[in-house]
Amino acid sequence: MSLSDQDVFAKVQEVLEEALGVDEDEVTPHATIGEDLGAESIDYLDISFRLEKAFGIKIGESEMFDPSILSDPKFVQDGKVTDAGLTALRAKMPHADIDAFAQDPEVDKLGDVFTVAMVCKFIKSKLG
Amino acid sequence: MRWLWLDRILELDKAKRCVAIRNVTAAEDVLHDHFAPGKASDAHGFNGGPTGCAIGTVHPAYPVMPNSLIIEGFAQTAGILTGHANDFKEKVILAKIGKAVFTGISATPGYTLRHTAEIVQLDDRGSSTQGIVEIIDPADPGAPPKPLASIEMMFSHVDQNMQGLEFPEENFVFTDQFMDLLKRSGVK
């Protein structure tokens with residue numbers, strides 16, 4: 001059974017409310033998981049587990065985000081993601097809006113791509 | 001888990017469920033630094049007061065095991081369950097307490113706490129677990145255990161999730177005292 005965009009968003013919203021203890025109205029499509037919803041590093045594992053359960057899917061360790069990109073000097077120089085790094089991010093994270101990030105590709109701003117909408121897009125891609 | 005807060009493992013079903021007990025004793029100093037206010041017992045004999053007392057009895061303040069240490073007992077139970085799932089090869093660290101809801105029953109000396117933890121999800125990164133803590137009255141072994149808390153917890157396999165940080169090679173989580181607990185509980 002395929003889920004509509006609205007169904008996916010509603011479930012993601014519920015997962016984020018439970019995992020992060022935030023209110024429903026805080027979980028908007030443009031809200032960032034870290035900055036706006038206050039997720040800490042360990043929350044991402046919690047969110048991943050809850051998404052797997054809610055949608056009956058399996059999420060690989062580096063599937064939503066591969067941190068190895070940021071530790072490769074080819075991809076990060078002087079605190080910024082290089083063109084090669086942006087290409088790698090686009091390839092590994094087709095669900096993320098890398099074009100917007102590319103305007104000012106500071107590593108510290110990469111968290112901005114982790115929005116609720118990104119999670120929904122990722123889930124839709126997993127559901128096929 | 002560098003200190004032991006459980007007395008015995010009763011059941012350990014690999015990657016599924018672990019049941020452990022912890023006796024509450026007046027010999028523990030911590031109880032005498034942690035008091036619950038005196039209250040009248042309700043029809044169930046509880047109402048936040050000492051377990052098993054007559055209805056309407058008014059109690060003075062009395063020592064109880066703090067809820068934080070009850071959570072620790074559950075964490076050790078669920079941590080052992082998570083560690084055992086991978087034959088204690090992973091360093092299992094309590095990562096997050098998702099929920100800990102207490103019923104209001106106090107854990108007073110002379111009673112036994114029973115922790116039942118179940119795996120909800122388990123993979124290379126860690127586990128999510130859930131379960132309950134119940135209180136048993138040894139003076140009334142036929143009586144059903146009374147619910148004390150329901151808890152959800154997540155554990156991280158620290159070597160998998162903290163890339164870039166170095167940890168000791170030996171498993172500092174599951175020390176000899178935990179292995180002794182498993183042995184004397186008859187866990188293979």
# chains A, B, ... in the order shown; residues from 1 in each chain; ligands from 1
call {"tool": "residues_around", "arguments": {"residues": "stretch 99-107 of chain A", "least_positions_apart": "3", "cutoff": "9 Å", "atoms": "only C-alpha atoms", "output": "list in words"}}
result
Leu70, Val76, Asp78, Gly79, Lys80, Val81, Thr82, Asp83, Leu86, Arg90, Ala96, Leu110, Gly111, Asp112 and Val113 of chain A
call {"tool": "write_last_selection", "arguments": {"atoms": "all heavy atoms", "output": "mmCIF file, in the first residue's frame"}}
result
data_model
loop_
_atom_site.group_PDB
_atom_site.id
_atom_site.type_symbol
_atom_site.label_atom_id
_atom_site.label_comp_id
_atom_site.auth_asym_id
_atom_site.auth_seq_id
_atom_site.Cartn_x
_atom_site.Cartn_y
_atom_site.Cartn_z
ATOM 1 N N LEU A 70 32.642 13.846 5.285
ATOM 2 C CA LEU A 70 33.200 15.012 5.980
ATOM 3 C C LEU A 70 34.606 14.771 6.537
ATOM 4 O O LEU A 70 35.286 15.709 6.944
ATOM 5 C CB LEU A 70 32.265 15.436 7.122
ATOM 6 C CG LEU A 70 30.869 15.882 6.679
ATOM 7 C CD1 LEU A 70 30.074 16.360 7.867
ATOM 8 C CD2 LEU A 70 30.949 16.994 5.631
ATOM 9 N N VAL A 76 36.485 18.064 1.929
ATOM 10 C CA VAL A 76 36.375 19.215 2.836
ATOM 11 C C VAL A 76 37.724 19.920 2.923
ATOM 12 O O VAL A 76 38.732 19.285 3.237
ATOM 13 C CB VAL A 76 35.929 18.771 4.255
ATOM 14 C CG1 VAL A 76 35.895 19.980 5.192
ATOM 15 C CG2 VAL A 76 34.554 18.116 4.223
ATOM 16 N N ASP A 78 39.407 23.754 4.348
ATOM 17 C CA ASP A 78 39.196 25.048 5.038
ATOM 18 C C ASP A 78 37.772 25.214 5.560
ATOM 19 O O ASP A 78 37.167 26.289 5.455
ATOM 20 C CB ASP A 78 39.533 26.230 4.105
ATOM 21 C CG ASP A 78 40.970 26.149 3.613
ATOM 22 O OD1 ASP A 78 41.839 25.716 4.410
ATOM 23 O OD2 ASP A 78 41.219 26.490 2.445
ATOM 24 N N GLY A 79 37.228 24.133 6.095
ATOM 25 C CA GLY A 79 35.907 24.213 6.706
ATOM 26 C C GLY A 79 34.763 24.272 5.703
ATOM 27 O O GLY A 79 33.609 24.478 6.090
ATOM 28 N N LYS A 80 35.085 24.111 4.418
ATOM 29 C CA LYS A 80 34.029 24.145 3.399
ATOM 30 C C LYS A 80 34.030 22.854 2.593
ATOM 31 O O LYS A 80 35.089 22.253 2.359
ATOM 32 C CB LYS A 80 34.238 25.326 2.447
ATOM 33 C CG LYS A 80 34.000 26.667 3.122
ATOM 34 C CD LYS A 80 33.808 27.760 2.102
ATOM 35 C CE LYS A 80 33.355 29.032 2.808
ATOM 36 N NZ LYS A 80 32.819 30.013 1.909
ATOM 37 N N VAL A 81 32.853 22.466 2.157
ATOM 38 C CA VAL A 81 32.743 21.279 1.312
ATOM 39 C C VAL A 81 33.151 21.678 -0.109
ATOM 40 O O VAL A 81 32.660 22.687 -0.647
ATOM 41 C CB VAL A 81 31.301 20.720 1.331
ATOM 42 C CG1 VAL A 81 31.180 19.517 0.400
ATOM 43 C CG2 VAL A 81 30.893 20.334 2.760
ATOM 44 N N THR A 82 34.063 20.913 -0.680
ATOM 45 C CA THR A 82 34.576 21.226 -2.027
ATOM 46 C C THR A 82 33.548 20.830 -3.096
ATOM 47 O O THR A 82 32.542 20.178 -2.794
ATOM 48 C CB THR A 82 35.873 20.446 -2.289
ATOM 49 O OG1 THR A 82 35.542 19.035 -2.234
ATOM 50 C CG2 THR A 82 36.941 20.734 -1.250
ATOM 51 N N ASP A 83 33.842 21.189 -4.332
ATOM 52 C CA ASP A 83 32.941 20.799 -5.429
ATOM 53 C C ASP A 83 32.826 19.277 -5.512
ATOM 54 O O ASP A 83 31.735 18.737 -5.744
ATOM 55 C CB ASP A 83 33.466 21.351 -6.765
ATOM 56 C CG ASP A 83 33.253 22.866 -6.849
ATOM 57 O OD1 ASP A 83 32.461 23.400 -6.036
ATOM 58 O OD2 ASP A 83 33.888 23.509 -7.719
ATOM 59 N N LEU A 86 30.555 18.221 -2.814
ATOM 60 C CA LEU A 86 29.146 18.487 -3.140
ATOM 61 C C LEU A 86 28.609 17.422 -4.099
ATOM 62 O O LEU A 86 27.474 16.963 -3.965
ATOM 63 C CB LEU A 86 29.011 19.885 -3.769
ATOM 64 C CG LEU A 86 29.261 21.062 -2.807
ATOM 65 C CD1 LEU A 86 29.338 22.381 -3.586
ATOM 66 C CD2 LEU A 86 28.172 21.140 -1.744
ATOM 67 N N ARG A 90 25.555 14.932 -3.321
ATOM 68 C CA ARG A 90 24.384 14.796 -4.224
ATOM 69 C C ARG A 90 24.155 13.324 -4.571
ATOM 70 O O ARG A 90 23.015 12.868 -4.638
ATOM 71 C CB ARG A 90 24.613 15.599 -5.498
ATOM 72 C CG ARG A 90 24.406 17.097 -5.317
ATOM 73 C CD ARG A 90 24.373 17.831 -6.669
ATOM 74 N NE ARG A 90 24.242 19.265 -6.470
ATOM 75 C CZ ARG A 90 25.264 20.121 -6.407
ATOM 76 N NH1 ARG A 90 26.498 19.688 -6.568
ATOM 77 N NH2 ARG A 90 25.056 21.408 -6.190
ATOM 78 N N ALA A 96 18.321 15.059 -0.220
ATOM 79 C CA ALA A 96 18.617 16.339 0.441
ATOM 80 C C ALA A 96 18.768 17.466 -0.579
ATOM 81 O O ALA A 96 19.155 17.232 -1.728
ATOM 82 C CB ALA A 96 19.910 16.206 1.253
ATOM 83 N N LEU A 110 25.891 22.335 7.265
ATOM 84 C CA LEU A 110 25.323 21.145 6.633
ATOM 85 C C LEU A 110 24.061 20.672 7.364
ATOM 86 O O LEU A 110 23.167 20.076 6.752
ATOM 87 C CB LEU A 110 26.372 20.022 6.572
ATOM 88 C CG LEU A 110 26.005 18.795 5.745
ATOM 89 C CD1 LEU A 110 25.677 19.172 4.292
ATOM 90 C CD2 LEU A 110 27.121 17.761 5.759
ATOM 91 N N GLY A 111 24.010 20.959 8.657
ATOM 92 C CA GLY A 111 22.819 20.577 9.434
ATOM 93 C C GLY A 111 21.543 21.178 8.887
ATOM 94 O O GLY A 111 20.455 20.636 9.103
ATOM 95 N N ASP A 112 21.683 22.285 8.135
ATOM 96 C CA ASP A 112 20.495 22.946 7.593
ATOM 97 C C ASP A 112 19.761 22.093 6.557
ATOM 98 O O ASP A 112 18.587 22.335 6.277
ATOM 99 C CB ASP A 112 20.876 24.294 6.943
ATOM 100 C CG ASP A 112 21.355 25.299 7.986
ATOM 101 O OD1 ASP A 112 21.191 25.022 9.195
ATOM 102 O OD2 ASP A 112 21.900 26.354 7.582
ATOM 103 N N VAL A 113 20.482 21.116 5.979
ATOM 104 C CA VAL A 113 19.802 20.281 4.969
ATOM 105 C C VAL A 113 18.944 19.196 5.634
ATOM 106 O O VAL A 113 18.093 18.593 4.989
ATOM 107 C CB VAL A 113 20.786 19.614 3.958
ATOM 108 C CG1 VAL A 113 21.701 20.652 3.344
ATOM 109 C CG2 VAL A 113 21.567 18.477 4.573
#
call {"tool": "select_by_dssp", "arguments": {"residues": "stretch 4-171 of chain B", "states": "helix (DSSP H, G or I)", "output": "number ranges by chain"}}
result
B: 29-33, 67-85, 158-161
call {"tool": "residues_around", "arguments": {"residues": "B:Ala78", "least_positions_apart": "3", "cutoff": "6 Å", "atoms": "only C-alpha atoms", "output": "ChimeraX atom specification"}}
result
/B:75,81,117
call {"tool": "closest_atom_pairs", "arguments": {"of": "chain A", "to": "chain B", "cutoff": "9 Å", "atoms": "only C-alpha atoms", "output": "tab-separated table"}}
result
residue	atom	partner	partner_atom	distance
A:Glu18	CA	B:Gly98	CA	8.3
A:Ala19	CA	B:Gly98	CA	7.2
A:Leu20	CA	B:Gly98	CA	8.9
A:Ile42	CA	B:Ala95	CA	6.6
A:Asp43	CA	B:Lys96	CA	8.0
A:Leu45	CA	B:Arg125	CA	7.7
A:Asp46	CA	B:Met154	CA	7.2
A:Phe49	CA	B:Gln121	CA	6.9
A:Lys53	CA	B:Gln121	CA	8.3
A:Glu61	CA	B:Arg125	CA	7.5
call {"tool": "write_last_selection", "arguments": {"atoms": "N, CA and C atoms", "output": "PDB file, in the first residue's frame"}}
result
ATOM      1  N   GLU A  18       7.684  12.094  19.257  1.00  0.00           N
ATOM      2  CA  GLU A  18       8.008  11.100  20.282  1.00  0.00           C
ATOM      3  C   GLU A  18       9.504  11.085  20.596  1.00  0.00           C
ATOM      4  N   ALA A  19      10.323  11.143  19.558  1.00  0.00           N
ATOM      5  CA  ALA A  19      11.771  11.024  19.763  1.00  0.00           C
ATOM      6  C   ALA A  19      12.366  12.269  20.418  1.00  0.00           C
ATOM      7  N   LEU A  20      11.829  13.429  20.072  1.00  0.00           N
ATOM      8  CA  LEU A  20      12.459  14.679  20.516  1.00  0.00           C
ATOM      9  C   LEU A  20      11.631  15.432  21.549  1.00  0.00           C
ATOM     10  N   ILE A  42      22.758  11.461  19.490  1.00  0.00           N
ATOM     11  CA  ILE A  42      22.165  10.151  19.772  1.00  0.00           C
ATOM     12  C   ILE A  42      20.704  10.095  19.326  1.00  0.00           C
ATOM     13  N   ASP A  43      20.072  11.270  19.197  1.00  0.00           N
ATOM     14  CA  ASP A  43      18.671  11.281  18.765  1.00  0.00           C
ATOM     15  C   ASP A  43      18.520  10.745  17.337  1.00  0.00           C
ATOM     16  N   LEU A  45      19.948   8.207  16.000  1.00  0.00           N
ATOM     17  CA  LEU A  45      19.768   6.750  16.053  1.00  0.00           C
ATOM     18  C   LEU A  45      18.345   6.423  16.512  1.00  0.00           C
ATOM     19  N   ASP A  46      17.871   7.161  17.495  1.00  0.00           N
ATOM     20  CA  ASP A  46      16.503   6.968  17.981  1.00  0.00           C
ATOM     21  C   ASP A  46      15.503   7.220  16.854  1.00  0.00           C
ATOM     22  N   PHE A  49      15.579   4.373  14.355  1.00  0.00           N
ATOM     23  CA  PHE A  49      14.864   3.185  14.851  1.00  0.00           C
ATOM     24  C   PHE A  49      13.349   3.384  14.755  1.00  0.00           C
ATOM     25  N   LYS A  53      10.478   1.367  12.449  1.00  0.00           N
ATOM     26  CA  LYS A  53       9.300   0.716  13.028  1.00  0.00           C
ATOM     27  C   LYS A  53       8.010   1.283  12.422  1.00  0.00           C
ATOM     28  N   GLU A  61      23.127   2.103   7.926  1.00  0.00           N
ATOM     29  CA  GLU A  61      23.871   2.993   8.826  1.00  0.00           C
ATOM     30  C   GLU A  61      24.181   4.363   8.205  1.00  0.00           C
TER      31      GLU A  61
END
call {"tool": "residues_around", "arguments": {"residues": "A:Met118", "least_positions_apart": "2", "cutoff": "10 Å", "atoms": "only C-alpha atoms", "output": "JSON, numbers by chain"}}
result
{"A": [29, 30, 31, 32, 33, 64, 93, 94, 95, 96, 97, 113, 114, 115, 116, 120, 121, 122, 123, 124]}
call {"tool": "closest_residue", "arguments": {"among": "B:Thr175, B:Thr82, B:Thr116, B:Thr25", "to": "B:Gln130", "atoms": "only C-alpha atoms"}}
result
B:Thr116
call {"tool": "atom_distance", "arguments": {"atom1": "atom CA of A:Ala10", "atom2": "atom CA of A:Glu24"}}
result
9.5 Å
call {"tool": "select_by_dssp", "arguments": {"residues": "stretch 67-185 of chain B", "states": "strand (DSSP E)", "output": "PyMOL selection string"}}
result
chain B and resi 92-102+112-123+126-136+146-157
call {"tool": "residues_around", "arguments": {"residues": "B:Val19", "least_positions_apart": "4", "cutoff": "8 Å", "atoms": "only C-alpha atoms", "output": "list of chain:residue names"}}
result
B:Ile9, B:Leu10, B:Glu11, B:Leu12, B:Thr77, B:Arg114, B:His115, B:Thr116, B:Ala117
call {"tool": "closest_residue", "arguments": {"among": "B:Val187, B:Ile135, B:Ala61, B:Ala107", "to": "B:Ala26", "atoms": "only C-alpha atoms"}}
result
B:Ala107
call {"tool": "decode", "arguments": {"residues": "stretch 4-119 of chain A", "atoms": "C-alpha atoms", "output": "PDB file, in the first residue's frame"}}
result
ATOM      1  CA  SER A   4       0.516   9.749   0.219  1.00  0.00           C
ATOM      2  CA  ASP A   5       2.919  12.607   0.952  1.00  0.00           C
ATOM      3  CA  GLN A   6       0.499  13.702   3.659  1.00  0.00           C
ATOM      4  CA  ASP A   7       0.476  10.243   5.281  1.00  0.00           C
ATOM      5  CA  VAL A   8       4.278  10.123   5.274  1.00  0.00           C
ATOM      6  CA  PHE A   9       4.504  13.601   6.788  1.00  0.00           C
ATOM      7  CA  ALA A  10       1.977  12.731   9.511  1.00  0.00           C
ATOM      8  CA  LYS A  11       3.950   9.629  10.498  1.00  0.00           C
ATOM      9  CA  VAL A  12       7.292  11.437  10.402  1.00  0.00           C
ATOM     10  CA  GLN A  13       5.753  14.196  12.504  1.00  0.00           C
ATOM     11  CA  GLU A  14       4.627  11.625  15.074  1.00  0.00           C
ATOM     12  CA  VAL A  15       8.071   9.982  15.142  1.00  0.00           C
ATOM     13  CA  LEU A  16       9.810  13.320  15.708  1.00  0.00           C
ATOM     14  CA  GLU A  17       7.357  14.343  18.415  1.00  0.00           C
ATOM     15  CA  GLU A  18       8.008  11.100  20.282  1.00  0.00           C
ATOM     16  CA  ALA A  19      11.771  11.024  19.763  1.00  0.00           C
ATOM     17  CA  LEU A  20      12.459  14.679  20.516  1.00  0.00           C
ATOM     18  CA  GLY A  21       9.608  15.593  22.843  1.00  0.00           C
ATOM     19  CA  VAL A  22       8.541  18.483  20.603  1.00  0.00           C
ATOM     20  CA  ASP A  23       5.029  19.729  19.858  1.00  0.00           C
ATOM     21  CA  GLU A  24       3.191  18.916  16.659  1.00  0.00           C
ATOM     22  CA  ASP A  25       3.169  22.524  15.489  1.00  0.00           C
ATOM     23  CA  GLU A  26       6.979  22.693  15.755  1.00  0.00           C
ATOM     24  CA  VAL A  27       7.411  19.873  13.254  1.00  0.00           C
ATOM     25  CA  THR A  28       6.934  21.811  10.026  1.00  0.00           C
ATOM     26  CA  PRO A  29       8.394  20.686   6.671  1.00  0.00           C
ATOM     27  CA  HIS A  30      11.121  23.345   6.797  1.00  0.00           C
ATOM     28  CA  ALA A  31      12.123  22.754  10.438  1.00  0.00           C
ATOM     29  CA  THR A  32      15.686  21.501  10.784  1.00  0.00           C
ATOM     30  CA  ILE A  33      16.099  18.398  12.933  1.00  0.00           C
ATOM     31  CA  GLY A  34      19.095  19.748  14.861  1.00  0.00           C
ATOM     32  CA  GLU A  35      18.774  23.509  15.089  1.00  0.00           C
ATOM     33  CA  ASP A  36      14.981  23.873  15.209  1.00  0.00           C
ATOM     34  CA  LEU A  37      13.901  20.631  16.870  1.00  0.00           C
ATOM     35  CA  GLY A  38      16.919  20.295  19.148  1.00  0.00           C
ATOM     36  CA  ALA A  39      18.093  16.813  18.170  1.00  0.00           C
ATOM     37  CA  GLU A  40      21.452  15.738  19.581  1.00  0.00           C
ATOM     38  CA  SER A  41      23.717  13.150  17.996  1.00  0.00           C
ATOM     39  CA  ILE A  42      22.165  10.151  19.772  1.00  0.00           C
ATOM     40  CA  ASP A  43      18.671  11.281  18.765  1.00  0.00           C
ATOM     41  CA  TYR A  44      19.459  10.429  15.142  1.00  0.00           C
ATOM     42  CA  LEU A  45      19.768   6.750  16.053  1.00  0.00           C
ATOM     43  CA  ASP A  46      16.503   6.968  17.981  1.00  0.00           C
ATOM     44  CA  ILE A  47      14.791   8.669  15.025  1.00  0.00           C
ATOM     45  CA  SER A  48      16.188   6.053  12.671  1.00  0.00           C
ATOM     46  CA  PHE A  49      14.864   3.185  14.851  1.00  0.00           C
ATOM     47  CA  ARG A  50      11.453   4.821  15.149  1.00  0.00           C
ATOM     48  CA  LEU A  51      11.222   5.470  11.396  1.00  0.00           C
ATOM     49  CA  GLU A  52      12.079   1.826  10.710  1.00  0.00           C
ATOM     50  CA  LYS A  53       9.300   0.716  13.028  1.00  0.00           C
ATOM     51  CA  ALA A  54       6.730   3.246  11.820  1.00  0.00           C
ATOM     52  CA  PHE A  55       7.222   2.482   8.109  1.00  0.00           C
ATOM     53  CA  GLY A  56       8.357  -1.155   8.285  1.00  0.00           C
ATOM     54  CA  ILE A  57      11.636  -0.397   6.532  1.00  0.00           C
ATOM     55  CA  LYS A  58      15.328  -0.942   7.198  1.00  0.00           C
ATOM     56  CA  ILE A  59      17.589   2.103   7.179  1.00  0.00           C
ATOM     57  CA  GLY A  60      21.271   1.395   6.583  1.00  0.00           C
ATOM     58  CA  GLU A  61      23.871   2.993   8.826  1.00  0.00           C
ATOM     59  CA  SER A  62      25.021   5.642   6.317  1.00  0.00           C
ATOM     60  CA  GLU A  63      21.959   5.713   4.154  1.00  0.00           C
ATOM     61  CA  MET A  64      20.397   8.976   5.279  1.00  0.00           C
ATOM     62  CA  PHE A  65      23.777  10.610   5.776  1.00  0.00           C
ATOM     63  CA  ASP A  66      27.296   9.279   5.261  1.00  0.00           C
ATOM     64  CA  PRO A  67      29.622  11.040   7.724  1.00  0.00           C
ATOM     65  CA  SER A  68      32.716   9.652   5.989  1.00  0.00           C
ATOM     66  CA  ILE A  69      32.342  12.403   3.375  1.00  0.00           C
ATOM     67  CA  LEU A  70      33.200  15.012   5.980  1.00  0.00           C
ATOM     68  CA  SER A  71      36.375  13.262   7.082  1.00  0.00           C
ATOM     69  CA  ASP A  72      37.801  13.024   3.575  1.00  0.00           C
ATOM     70  CA  PRO A  73      40.256  15.909   2.858  1.00  0.00           C
ATOM     71  CA  LYS A  74      39.313  15.663  -0.817  1.00  0.00           C
ATOM     72  CA  PHE A  75      35.765  16.656   0.094  1.00  0.00           C
ATOM     73  CA  VAL A  76      36.375  19.215   2.836  1.00  0.00           C
ATOM     74  CA  GLN A  77      38.942  22.007   2.758  1.00  0.00           C
ATOM     75  CA  ASP A  78      39.196  25.048   5.038  1.00  0.00           C
ATOM     76  CA  GLY A  79      35.907  24.213   6.706  1.00  0.00           C
ATOM     77  CA  LYS A  80      34.029  24.145   3.399  1.00  0.00           C
ATOM     78  CA  VAL A  81      32.743  21.279   1.312  1.00  0.00           C
ATOM     79  CA  THR A  82      34.576  21.226  -2.027  1.00  0.00           C
ATOM     80  CA  ASP A  83      32.941  20.799  -5.429  1.00  0.00           C
ATOM     81  CA  ALA A  84      33.934  17.139  -5.336  1.00  0.00           C
ATOM     82  CA  GLY A  85      32.359  16.900  -1.869  1.00  0.00           C
ATOM     83  CA  LEU A  86      29.146  18.487  -3.140  1.00  0.00           C
ATOM     84  CA  THR A  87      29.057  15.969  -5.979  1.00  0.00           C
ATOM     85  CA  ALA A  88      29.530  13.151  -3.455  1.00  0.00           C
ATOM     86  CA  LEU A  89      26.777  14.556  -1.251  1.00  0.00           C
ATOM     87  CA  ARG A  90      24.384  14.796  -4.224  1.00  0.00           C
ATOM     88  CA  ALA A  91      25.152  11.201  -5.138  1.00  0.00           C
ATOM     89  CA  LYS A  92      24.803   9.825  -1.617  1.00  0.00           C
ATOM     90  CA  MET A  93      21.959  12.066  -0.482  1.00  0.00           C
ATOM     91  CA  PRO A  94      19.570  12.518  -3.412  1.00  0.00           C
ATOM     92  CA  HIS A  95      16.846  13.190  -0.834  1.00  0.00           C
ATOM     93  CA  ALA A  96      18.617  16.339   0.441  1.00  0.00           C
ATOM     94  CA  ASP A  97      18.575  19.857  -1.016  1.00  0.00           C
ATOM     95  CA  ILE A  98      22.300  20.088  -1.681  1.00  0.00           C
ATOM     96  CA  ASP A  99      21.818  22.904  -4.223  1.00  0.00           C
ATOM     97  CA  ALA A 100      20.694  25.276  -1.468  1.00  0.00           C
ATOM     98  CA  PHE A 101      23.608  24.188   0.736  1.00  0.00           C
ATOM     99  CA  ALA A 102      26.040  24.709  -2.185  1.00  0.00           C
ATOM    100  CA  GLN A 103      25.387  28.470  -2.067  1.00  0.00           C
ATOM    101  CA  ASP A 104      27.505  28.634   1.103  1.00  0.00           C
ATOM    102  CA  PRO A 105      28.933  25.159   1.652  1.00  0.00           C
ATOM    103  CA  GLU A 106      30.368  25.620   5.140  1.00  0.00           C
ATOM    104  CA  VAL A 107      30.523  22.293   6.957  1.00  0.00           C
ATOM    105  CA  ASP A 108      28.907  23.891  10.011  1.00  0.00           C
ATOM    106  CA  LYS A 109      25.835  24.683   7.911  1.00  0.00           C
ATOM    107  CA  LEU A 110      25.323  21.145   6.633  1.00  0.00           C
ATOM    108  CA  GLY A 111      22.819  20.577   9.434  1.00  0.00           C
ATOM    109  CA  ASP A 112      20.495  22.946   7.593  1.00  0.00           C
ATOM    110  CA  VAL A 113      19.802  20.281   4.969  1.00  0.00           C
ATOM    111  CA  PHE A 114      18.419  17.928   7.624  1.00  0.00           C
ATOM    112  CA  THR A 115      14.873  19.174   7.494  1.00  0.00           C
ATOM    113  CA  VAL A 116      11.615  17.374   8.166  1.00  0.00           C
ATOM    114  CA  ALA A 117      10.927  17.585   4.416  1.00  0.00           C
ATOM    115  CA  MET A 118      14.252  15.828   3.741  1.00  0.00           C
ATOM    116  CA  VAL A 119      13.307  12.976   6.056  1.00  0.00           C
TER     117      VAL A 119
END
